Amino acid sequence: MSSDLFVIPFNIGLYFILVYSVVRSTIWFRQLSRSDKLRLQRGFFGMPFMQSLKEIFMESLLHRKIFMRNPVLGYMHMSLAFGWFLLIVFGTIEADFFGEKHLNPPSHAIFFRYFNPDHGAAGLPKVFGFWMDLLLAFILSGLLLAMIKRFIPGLMGMKKTTKHTWTDRIALLSLWMIFPARLLAESLTSGAHGSGSFLTGNLGAQLASFLPVAELAPWFWWLYSLSLGTFFILLPVSRYFHIPVELLLIFMRNSGIRTGDKPSSLTEVQTHACSSCGVCISICQMSYAAGINDIQSAYFVKGLRNGKDIAAITANCLMCGRCEEVCPVGIELGPMRMIERRQGEREFKPMRFIDGYGLNGKKAPVEKDPTQSYGYLVRNEPVKADVIFFAGCMTHLTPSVIIAMKKIMDSAGVRYHFMDENGGVCCGRPLMLAGRDREARELINYNSDIIWRSGAGILVTSCPICYKIFNESYYLDTRVMHHSEFINHLIEEGSLRLGYLHRKVVYHDPCELGRGSGIYDEPREVISYVADLQPATQEGSMSLCCGGSLGNLTLSSGKRALIAADAAKILTSSAPDELITACPLCKKTLGQATETKVADIAELVAAALPGPKGRARVRTKKTLVRVHDNG
Amino acid sequence: MSTVTKHVVVAGGGVAGMEAAGALAELGHRVTLIEKEQKPGGHLKQWHALFPDRRPADDVRKYLSRRIDNRNIKLFTGISVEKVRKQGHDLHIELSDGSALTADAAIIATGFDLFDARRKEEYGYGIYDNVITSAGLEDMFNAGRITTADGRTPSRIGLVHCVGSRDEKVDNNHCSKVCCVTAVKQAIEVRQKLPSCEVFCFYMDMRMYGPYYEELYRESQEVHNVNYIRGKVSEASVNINNRLVVKVEDTLAGRPLRMELDMLVLMVGMEMSQAGTRLAEASALGRGINRFLETGDHHYGNNLGHVKGLFYAGTCTAPMNITDTISHARAAVTETVRYLTTR
Amino acid sequence: MNGSAGNKFGFTVNRSRLIDYDASDRLVRDYVTLREPSFRLCFACGGCTATCTAGQHAPFNLRRMNTFIRRGEIEPLREEVTRCMLCGKCLLVCPRGVNTRNVVSLAAEAIKKLDRNEL
């Protein structure tokens, strides 16, 4: 049995990673909040479990999402993941069926050919041998693509790919070695014994013709085992840890655990579940339009994982949410970045190799030192109203929107109070985006007080930034509506008489309204009611950011202009008469970037109001037309 | 001096084009003057009186009309020059009606466009009735009536400097040079025509760079009681009485200021003209970061481009006043004649 | 300490009236400029202060704050800098493209650090 010594590296690696995974998962589980623990427990014994299995099969093995975005990249991931999975499954079956005994140790399945060199001469074993060779060929084809991607990313349709740390490099090297080593080990053994199927058999016969295959074979079995062992041992400190962690993430997510606003087991799991695939880099407008290539989510997560000072990366993001839409692993990248923005200044010690295995995952949040305070705000006498209109700070710089809203509400007979007509107080969202929740809370309380005391049933705002925070962070007994929703509501209830404008328009989804708040249909319904709405090349959940986002605290005006110019070009590629948006900031930013007229949805609707002369076709009640976003 | 008659095409019949055409014709050259509008005269057509002395703009218009009243000049109106290209020693010039000309030399004098004030939405031009531009105020001077949209005599008017100039938000970092003195001139005119009307100029810097400009500024304070507030207006709105309200910081007092006005006049700046842009793009002529035509040398070649035989005159190269435009056009003629006689 | 050098002449120079450029340091300016170079672009038009949301409720003057920081005069800003709501309206108005929100954010941070002797 002394020749079996080569299995030791593999066994050490395998048992290490199994124990490590169990310990680490247990720690993560223990650090979950009570409710999340319950969620996960329920998730394991109910429908979510099946859902998770399905998702693991579709995403972790088949890599459906990557496949749909980039078929070559998808094939690469699929051949490696699914191929390897099948190889293990069928290897185990093969060993179980044709081995000396049942219930073999894993090494007997993995090194089956070594232990059964003459196997597969005829019959079912021969068919099986063919199948195993086919799987190996499948994996090797993916490996070839992976190598091409590493050295010539452009060939794979990838603009950018992430840089590796040295542990990543060794892990990658060992991963790359695994399958060629297996191919050679199996071929040499087959060559020595005249066995093997189309791949290992033929290659083995070829090699046997000019090499002492029997003497060489053990070396390659050693290499195969060492590669596997090294890979397993380095797994927790390399990017490839994402492979097992992603499975855990899928279970957590399907059990209903969400990121929240503080660091937790889930954020830790998510940092490790990122495969650094780079899809978020290719999709990022900051990358392809503004040439900034070091702040994308893959880098953010990597910095987080490696304990680097990523304050600059964290701040330099539009928070548009496009990367989160395309992330194949489904990491909640926006909330993850927001958690980091809330953190105060910390000391960053350089991470040692051993720290990568660190089991003390949960870091206590560092309270941000508050710098702002609004004790100077004076409470005013409340104004009673059924409907409150809050234009928002930015909207005061686009007076056409305010005038249009006034016209629309007057025309529909809405009795409203214009809350910030003479300048209000900021909604707090910009502070929150800067990670200053505590200060934001002061403004939220101030505005909430006014809204509560007004007794209004509906709060209408023209700014998606305000809309999002009113909806999410204000405690109100008032229905919050963006003006596009409100106009839609007025049309549906029949209180707004509108004509039809023969204009070809394209709609731009503002980030905070679309991806941020899920409002895609209402603006489209309103627009298609009054004008000819044309599809945009990128809309719905994949709509572009105008570049003006308040989510980014550090981006220069020049870079913003580059993003705006690119977005405007794409949005106006079908040469519409007007580009319609629903956000004052988008309107201003895009308006500066294109010759095409940029108008707010309220302006478009106001233009469709019957004039003094009256219009030929005025409709009062609308038949519902659902317009689906193409995201 | 060469006695051989040459053919020179002048693109643009504004101040620069008319002066250049006149000067060339005077020297005996055959000139084709091409103006895109129905009548020559450019922006001067719209102006009522000129700084610094507030003489009637008509004086200069008449001078320029006389200048081009020469049988050597053929004037085409309603047509624009679309492309200039070198063809051997000559220039091949394509016009908007599809025809083409061959010339020994050409002068581009396509001038400027006034900044479209709608691009500064926060000022409310095109939204509020009583927000007008400096050109709109000249129209009122020409009509002899300065009234609000509903026909009232304004009791307070504000003039906003630097609208579309010195503003990266509209991609114009340059100073249009003439708006400051135009504001001072218009402020005085308003005060003269409506003695009971208060006038406020909202400025960032007073750039009184020409002869007698600073004196005009002083006169506006000393004689006409024009008020100056140092600060950029951030936005305009209307209040419940339908009066305009502007927000500005009185930077010298160090505090934000809010003011009601009956009329707001936006001193719109100069931009490279659209017609000139089309011509430059079609003819591959270099342009500067301010989008005006880039000249061969800032100091001693500012009538030259990089195409031999093609010269630049006037505000197609940079914002300038009428005095400088006429001088620049004359210099372009000197360069043209030198080229024609020495090539 | 309060600038009484001229006492024997029967008048005093009140230190608060004078920007003693050599006596003050410009640590806050350097902190802000290093991290937000557009800070240098301000030409003091006051557009930010005119449009300012916070400035309608309490004294907050970003234009003056920029100048004070450049001169090393931090004392008058200590409280004022806390009043900004970071709403970003000034960002849309600034004709020089100064990243105003970041300037305030950094200035507020820097002043805190200055007080803790961390600059």
# chains A, B, ... in the order shown; residues from 1 in each chain; ligands from 1
call {"tool": "interface_residues", "arguments": {"of": "chain B", "to": "chain A", "cutoff": "7 Å", "atoms": "only C-alpha atoms", "output": "list in words"}}
result
Glu121, Glu122, Gly124, Ile127, Val170 and Glu235 of chain B
call {"tool": "interface_residues", "arguments": {"of": "chain B", "to": "chain C", "cutoff": "12 Å", "atoms": "only C-alpha atoms", "output": "PyMOL selection string"}}
result
chain B and resi 120-123+161-174+202-205+229-237+246-259
call {"tool": "interface_residues", "arguments": {"of": "chain A", "to": "chain C", "cutoff": "7 Å", "atoms": "only C-alpha atoms", "output": "mmCIF file with C-alpha atoms, in the first residue's frame"}}
result
data_model
loop_
_atom_site.group_PDB
_atom_site.id
_atom_site.type_symbol
_atom_site.label_atom_id
_atom_site.label_comp_id
_atom_site.auth_asym_id
_atom_site.auth_seq_id
_atom_site.Cartn_x
_atom_site.Cartn_y
_atom_site.Cartn_z
ATOM 1 C CA THR A 371 -20.634 66.170 11.831
ATOM 2 C CA GLN A 372 -23.956 67.819 11.051
ATOM 3 C CA SER A 373 -26.791 68.981 13.304
ATOM 4 C CA TYR A 374 -29.999 70.816 12.635
ATOM 5 C CA TYR A 376 -31.637 75.461 14.322
ATOM 6 C CA LEU A 377 -34.752 74.321 12.472
ATOM 7 C CA CYS A 393 -34.779 70.830 -3.432
ATOM 8 C CA MET A 394 -33.632 69.999 -6.963
ATOM 9 C CA GLY A 423 -38.004 76.467 0.363
ATOM 10 C CA VAL A 425 -36.018 71.228 4.411
ATOM 11 C CA CYS A 426 -34.097 68.501 2.616
ATOM 12 C CA PRO A 430 -28.646 62.802 0.354
ATOM 13 C CA LEU A 431 -27.310 62.559 3.917
ATOM 14 C CA LEU A 553 -19.864 62.071 -3.156
ATOM 15 C CA THR A 554 -16.514 62.264 -4.886
ATOM 16 C CA SER A 556 -15.819 65.107 -10.525
ATOM 17 C CA SER A 557 -18.086 67.169 -12.736
#
call {"tool": "residues_around", "arguments": {"residues": "Lys45 in chain B", "least_positions_apart": "5", "cutoff": "12 Å", "atoms": "only C-alpha atoms", "output": "PyMOL selection string"}}
result
chain B and resi 13-15+37-40+50+56-62+64-65+135+138-139+142
call {"tool": "select_by_dssp", "arguments": {"residues": "range 189-276 of chain B", "states": "strand (DSSP E)", "output": "compact mmCIF listing (two decimals) with N, CA and C atoms, in the first residue's frame"}}
result
# COMPACT_ATOMS: atom_id res chain seq x y z
N GLU B 198 -36.31 101.21 -10.81
CA GLU B 198 -35.03 100.85 -10.21
C GLU B 198 -34.36 99.79 -11.07
N VAL B 199 -33.04 99.89 -11.20
CA VAL B 199 -32.33 98.88 -11.98
C VAL B 199 -31.20 98.28 -11.14
N PHE B 200 -31.16 96.94 -11.16
CA PHE B 200 -30.12 96.21 -10.41
C PHE B 200 -29.34 95.34 -11.36
N CYS B 201 -28.02 95.44 -11.31
CA CYS B 201 -27.18 94.54 -12.08
C CYS B 201 -26.60 93.49 -11.13
N PHE B 202 -26.82 92.21 -11.46
CA PHE B 202 -26.24 91.13 -10.67
C PHE B 202 -25.01 90.62 -11.41
N TYR B 203 -23.86 90.91 -10.86
CA TYR B 203 -22.62 90.60 -11.59
C TYR B 203 -21.71 89.72 -10.75
N ASN B 227 -27.96 100.23 -9.55
CA ASN B 227 -27.49 99.47 -8.38
C ASN B 227 -26.74 98.23 -8.83
N TYR B 228 -25.69 97.94 -8.11
CA TYR B 228 -24.91 96.74 -8.44
C TYR B 228 -24.86 95.80 -7.25
N ILE B 229 -25.17 94.54 -7.50
CA ILE B 229 -25.10 93.54 -6.44
C ILE B 229 -24.15 92.45 -6.91
N ARG B 230 -23.12 92.19 -6.12
CA ARG B 230 -22.14 91.19 -6.56
C ARG B 230 -22.58 89.80 -6.13
N GLU B 235 -31.50 81.29 -9.00
CA GLU B 235 -32.76 80.88 -9.60
C GLU B 235 -33.80 81.99 -9.51
N ALA B 236 -34.79 81.90 -10.39
CA ALA B 236 -35.90 82.84 -10.38
C ALA B 236 -37.19 82.05 -10.23
N SER B 237 -38.16 82.67 -9.59
CA SER B 237 -39.48 82.03 -9.48
C SER B 237 -40.52 83.15 -9.50
N VAL B 238 -41.79 82.79 -9.45
CA VAL B 238 -42.80 83.84 -9.32
C VAL B 238 -43.54 83.63 -8.01
N LEU B 244 -41.81 88.38 -10.19
CA LEU B 244 -40.62 87.52 -10.19
C LEU B 244 -39.86 87.67 -8.88
N VAL B 245 -39.28 86.56 -8.45
CA VAL B 245 -38.42 86.62 -7.26
C VAL B 245 -37.09 85.99 -7.64
N VAL B 246 -36.01 86.71 -7.39
CA VAL B 246 -34.71 86.10 -7.65
C VAL B 246 -34.01 85.81 -6.34
N LYS B 247 -33.19 84.75 -6.39
CA LYS B 247 -32.35 84.42 -5.25
C LYS B 247 -30.92 84.67 -5.68
N VAL B 248 -30.19 85.35 -4.81
CA VAL B 248 -28.80 85.66 -5.10
C VAL B 248 -28.10 85.80 -3.76
N GLU B 249 -26.80 85.60 -3.76
CA GLU B 249 -26.09 85.99 -2.54
C GLU B 249 -25.50 87.37 -2.77
N ASP B 250 -25.76 88.28 -1.85
CA ASP B 250 -25.05 89.55 -1.89
C ASP B 250 -23.69 89.24 -1.27
N ARG B 255 -24.48 87.69 2.69
CA ARG B 255 -25.74 87.06 3.05
C ARG B 255 -26.63 86.84 1.84
N PRO B 256 -27.43 85.76 1.88
CA PRO B 256 -28.35 85.53 0.76
C PRO B 256 -29.37 86.66 0.67
N LEU B 257 -29.77 86.96 -0.55
CA LEU B 257 -30.69 88.07 -0.77
C LEU B 257 -31.81 87.59 -1.67
N ARG B 258 -33.00 88.02 -1.34
CA ARG B 258 -34.17 87.65 -2.13
C ARG B 258 -34.78 88.96 -2.59
N MET B 259 -35.18 89.07 -3.83
CA MET B 259 -35.67 90.35 -4.32
C MET B 259 -36.82 90.13 -5.30
N GLU B 260 -37.84 90.93 -5.15
CA GLU B 260 -38.95 90.91 -6.11
C GLU B 260 -38.62 91.82 -7.27
N LEU B 261 -39.01 91.42 -8.46
CA LEU B 261 -38.71 92.19 -9.66
C LEU B 261 -39.90 92.14 -10.60
N MET B 263 -39.23 92.58 -13.92
CA MET B 263 -38.65 92.07 -15.16
C MET B 263 -37.23 91.63 -14.90
N LEU B 264 -36.86 90.52 -15.52
CA LEU B 264 -35.49 90.02 -15.36
C LEU B 264 -34.88 89.92 -16.75
N VAL B 265 -33.73 90.58 -16.93
CA VAL B 265 -33.08 90.58 -18.23
C VAL B 265 -31.81 89.73 -18.14
N LEU B 266 -31.72 88.72 -18.98
CA LEU B 266 -30.57 87.82 -18.96
C LEU B 266 -29.55 88.28 -20.00
N MET B 267 -28.35 88.60 -19.54
CA MET B 267 -27.30 89.06 -20.44
C MET B 267 -26.67 87.83 -21.10
N VAL B 268 -27.27 87.41 -22.21
CA VAL B 268 -26.83 86.16 -22.83
C VAL B 268 -25.48 86.34 -23.53
N MET B 270 -21.96 84.89 -25.79
CA MET B 270 -21.68 84.52 -27.19
C MET B 270 -21.18 83.09 -27.25
N GLU B 271 -21.69 82.37 -28.25
CA GLU B 271 -21.21 81.02 -28.53
C GLU B 271 -20.87 80.92 -30.00
N MET B 272 -20.02 79.99 -30.35
CA MET B 272 -19.75 79.71 -31.75
C MET B 272 -21.09 79.47 -32.45
call {"tool": "residues_around", "arguments": {"residues": "Pro154 in chain B", "least_positions_apart": "6", "cutoff": "7 Å", "atoms": "only C-alpha atoms", "output": "list in words"}}
result
Thr147, Thr148, Cys197, Asp262 and Met263 of chain B
